[in-house]
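Visitor: Have a look at this one.
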Amino acid sequence: MRVLSKKISWVGCVILVTLGQASNGTRAQAQTTGAVTPAPVIRYIDQTAGMSADEAVTYALSHNGDLLATRKEIEAAQALVKQAGSRPNPKLDIEGSRQINGKDNSVMATATLPLELGGRRAARIAIAQSELELREHELANRERLLAADVRLKFGETLGQVFKLAFTEDLLANNQRGYNLIAARVNEGATAPLEQNMALVEFNRLRSMRENVEGKVEVLLLELRNLIGMPPEQPLRLRGDFSNLIDQLAPIAIETERAVRERPDLQAARTMESLDAARIEQARAAGRLDAGVMAGYERMNSSFPVFGINDNGQLQPVQDVFHFLKFGVSLDLPVRNRNLGAIEAAIVETEAARRRREFAELTARREVAVAYAKYERAARAMEIFRNGVLDQAKANLDVIRQTYELGSNTLLDYIAEQRRFIELETDFIDAQLATYSARVEIERATASPELIKK
């Protein structure tokens with residue numbers, strides 16, 4: 001029985017012939033057995049016009065709703081930095097008074113300009129800038145995590161597509177095998193039991209194919225959602241699991257680069273700077289502050305008596321007075337020097353430092369784990385490639401030939417074929433594990449290759 005070629009199984013490329021297409025006799029027999037010709041794998045993969053993993057990452061960075069919302073938050077933070085640099089507005093107070101049952105009245109206008117002494121404005125600007133920087137690092141970290149998630153989901157989907165291709169090839173071959181057994185039964189050369197056994201195995205493969213294709217469809221829907229693509233939009237993939245093993249940089253170098261460049265650790269350091277700025281803001285709030293004041297008052301005042309003017313005539317004692325006012329308003333930190341807020345800000349800074357140290361320790365552990373997973377997965381894949389698949393295929397060929405010669409039963413051949421199917425799917429899983437471990441290294445070290453815009 002023909003199986004998926006070594007090139008297709010080992011490298012993970014799409015087979016170069018259309019799977020699931022049998023001869024006319026096979027189609028006729030499929031109608032007899034109730035089989036339905038499976039949908040071709042080209043529904044899910046196109047090595048010419050499909051979407052590659054890099055293109056999926058680029059699409060996700062441009063269309064993922066969470067990233068778009070985070071970018072809007074950065075725009076808001078930029079506006080807050082602009083606002084933090086603005087000086088306080090002056091205050092203008094206008095008052096008027098009039099004597100009840102009398103003619104006296106006054107109008108007064110006073111303007112006050114806050115000075116913001118003690119570094120209040122500088123501390124406010126520093127906090128706004130640190131918050132903006134923190135959001136920028138958070139965006140970069142979300143891009144890092146999203147890019148890794150997209151690549152992992154892409155690889156998982158690709159692995160299921162390769163399993164589907166392998167299953168469809170087996171199904172087409174089992175269809176032809178069933179046709180041969182049915183013909184031998186009709187000729188009286190084989191017992192009808194073998195035809196029933198072959199039919200059971202054929203239908204088992206059909207069921208397995210439906211399960212695999214269902215997983216492919218679900219994974220494609222999840223991938224569409226992850227990259228921000230509508231579920232009804234067509235999506236076909238492009239890529240393989242080739243070139244999985246490469247020369248990695250020494251783990252010590254990659255670990256130090258991760259600690260230095262990972263955006264989540266940069267965000268942790270920015271959080272320390274933010275808390276330091278909050279300490280300075282709390283101290284500034286407990287210092288002396290002042291505001292300058294200037295005003296004008298017009299007062300019309302009179303007395304209920306008469307006086308003699310320059311002409312010797314009686315007239316009411318009344319006059320209009322004009323006043324200019326100026327002064328300084330002081331906020332004296334006598335009873336409240338903001339000591340509690342200062343102490344709280346210092347403690348929060350210490351907490352931020354400890355979180356940053358723990359995050360750096362976690363990053364070192366993640367890099368070490370990713371390297372260990374990759375090395376073991378790559379070794380397991382190479383063992384499969386060089387010491388399992390060739391021998392398993394040879395064993396299957398031997399069992400098939402001995403079955404045709406009558407030395408083994410159909411059950412022996414079916415059991416060996418199931419073992420070969422299990423090994424082939426395990427090898428695809430080993431390729432996927434190696435690919436996923438490689439992506440984990442890029443995620444843990446914040447490799448520039450993880451995000452390609």
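Chain identifiers are assigned as A, B, and so on, following the order in which chains appear in the structure tokens; residues are numbered from 1 within each chain, and ligands are numbered from 1 in order of appearance.
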Out of segment 281-351 of chain A, which residues get alpha helix (DSSP H) from DSSP, as a list in words?
Guide: Gln281, Ala282, Arg283, Ala284, Ala285, Leu339, Gly340, Ala341, Ile342, Glu343, Ala344, Ala345, Ile346, Val347, Glu348, Thr349, Glu350 and Ala351 of chain A
Visitor: Write the residues of the selection above to a file with N, CA and C atoms, as an mmCIF file, in the first residue's frame.
Guide:
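Everything below was put into again_18.cif:
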data_model
loop_
_atom_site.group_PDB
_atom_site.id
_atom_site.type_symbol
_atom_site.label_atom_id
_atom_site.label_comp_id
_atom_site.auth_asym_id
_atom_site.auth_seq_id
_atom_site.Cartn_x
_atom_site.Cartn_y
_atom_site.Cartn_z
ATOM 1 N N GLN A 281 6.730 63.923 43.631
ATOM 2 C CA GLN A 281 5.470 64.678 43.617
ATOM 3 C C GLN A 281 4.894 64.803 45.029
ATOM 4 N N ALA A 282 4.978 63.720 45.805
ATOM 5 C CA ALA A 282 4.480 63.775 47.180
ATOM 6 C C ALA A 282 5.293 64.759 48.016
ATOM 7 N N ARG A 283 6.595 64.803 47.813
ATOM 8 C CA ARG A 283 7.425 65.755 48.548
ATOM 9 C C ARG A 283 7.133 67.184 48.111
ATOM 10 N N ALA A 284 6.930 67.375 46.820
ATOM 11 C CA ALA A 284 6.627 68.727 46.337
ATOM 12 C C ALA A 284 5.313 69.225 46.906
ATOM 13 N N ALA A 285 4.339 68.299 47.044
ATOM 14 C CA ALA A 285 3.045 68.706 47.596
ATOM 15 C C ALA A 285 3.151 69.127 49.053
ATOM 16 N N LEU A 339 3.513 63.783 54.741
ATOM 17 C CA LEU A 339 4.477 62.743 55.108
ATOM 18 C C LEU A 339 3.926 61.345 54.828
ATOM 19 N N GLY A 340 2.626 61.150 55.028
ATOM 20 C CA GLY A 340 2.046 59.831 54.774
ATOM 21 C C GLY A 340 2.131 59.441 53.311
ATOM 22 N N ALA A 341 1.838 60.395 52.418
ATOM 23 C CA ALA A 341 1.919 60.117 50.991
ATOM 24 C C ALA A 341 3.356 59.846 50.569
ATOM 25 N N ILE A 342 4.311 60.562 51.163
ATOM 26 C CA ILE A 342 5.725 60.324 50.854
ATOM 27 C C ILE A 342 6.132 58.924 51.281
ATOM 28 N N GLU A 343 5.742 58.534 52.489
ATOM 29 C CA GLU A 343 6.090 57.201 52.979
ATOM 30 C C GLU A 343 5.473 56.112 52.106
ATOM 31 N N ALA A 344 4.208 56.300 51.708
ATOM 32 C CA ALA A 344 3.550 55.309 50.850
ATOM 33 C C ALA A 344 4.260 55.194 49.499
ATOM 34 N N ALA A 345 4.660 56.328 48.935
ATOM 35 C CA ALA A 345 5.343 56.300 47.637
ATOM 36 C C ALA A 345 6.694 55.595 47.740
ATOM 37 N N ILE A 346 7.398 55.787 48.852
ATOM 38 C CA ILE A 346 8.683 55.101 49.039
ATOM 39 C C ILE A 346 8.487 53.592 49.121
ATOM 40 N N VAL A 347 7.466 53.169 49.854
ATOM 41 C CA VAL A 347 7.187 51.736 49.969
ATOM 42 C C VAL A 347 6.802 51.152 48.610
ATOM 43 N N GLU A 348 6.000 51.883 47.831
ATOM 44 C CA GLU A 348 5.616 51.404 46.500
ATOM 45 C C GLU A 348 6.826 51.285 45.580
ATOM 46 N N THR A 349 7.788 52.175 45.741
ATOM 47 C CA THR A 349 9.016 52.074 44.951
ATOM 48 C C THR A 349 9.792 50.816 45.298
ATOM 49 N N GLU A 350 9.851 50.490 46.573
ATOM 50 C CA GLU A 350 10.528 49.265 46.989
ATOM 51 C C GLU A 350 9.798 48.040 46.434
ATOM 52 N N ALA A 351 8.461 48.082 46.447
ATOM 53 C CA ALA A 351 7.688 46.971 45.885
ATOM 54 C C ALA A 351 7.948 46.828 44.387
#
Visitor: List the spatial neighbours of segment 264-270 of chain A as a PyMOL selection string - criterion: any atom at most 12 Å away, only C-alpha atoms, same-chain residues fewer than 4 positions off excluded.
Guide: chain A and resi 126-145+256-260+274-277+349-364+443-446
Visitor: Name the closest residue to Phe420 of chain A among the candidates A:Leu432, A:Thr167, A:Leu405, A:Asp331; distances are taken between atoms, counting only C-alpha atoms.
Guide: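 When distances to Phe420 of chain A are compared using only C-alpha atoms, the smallest one comes from A:Thr167.
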Visitor: Name the residues in contact with Gln431 of chain A at a cut-off of 12 Å, using only C-alpha atoms, excluding same-chain residues fewer than 5 positions from it; report them as number ranges by chain.
Guide: A: 9-12, 155-156, 158-160, 162-163, 240-245, 374, 376-385, 424-426, 436-438
Visitor: Pick out the closest residue to Glu210 of chain A from this set: A:Ala165, A:Ile414, A:Ile279, A:Phe323. Count only C-alpha atoms.
Guide: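 Between A:Ala165, A:Ile414, A:Ile279, A:Phe323, the residue approaching Glu210 of chain A most closely is A:Ala165.
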Visitor: Mind listing the strand (DSSP E or B) residues of segment 288-424 of chain A, per DSSP on the backbone, as a count of residues only?
Guide: 38
Visitor: Under the rule that only C-alpha atoms are counted, which of A:Asp54, A:Glu442, A:Glu217, A:Glu232 is the nearest residue to Val367 of chain A?
Guide: A:Glu442
Visitor: Find the residue from A:Leu223, A:Leu411, A:Ile253, A:Ala290 that sits nearest to Val150 of chain A; use only C-alpha atoms when measuring.
Guide: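 Smallest distance to Val150 of chain A is found for A:Leu223.
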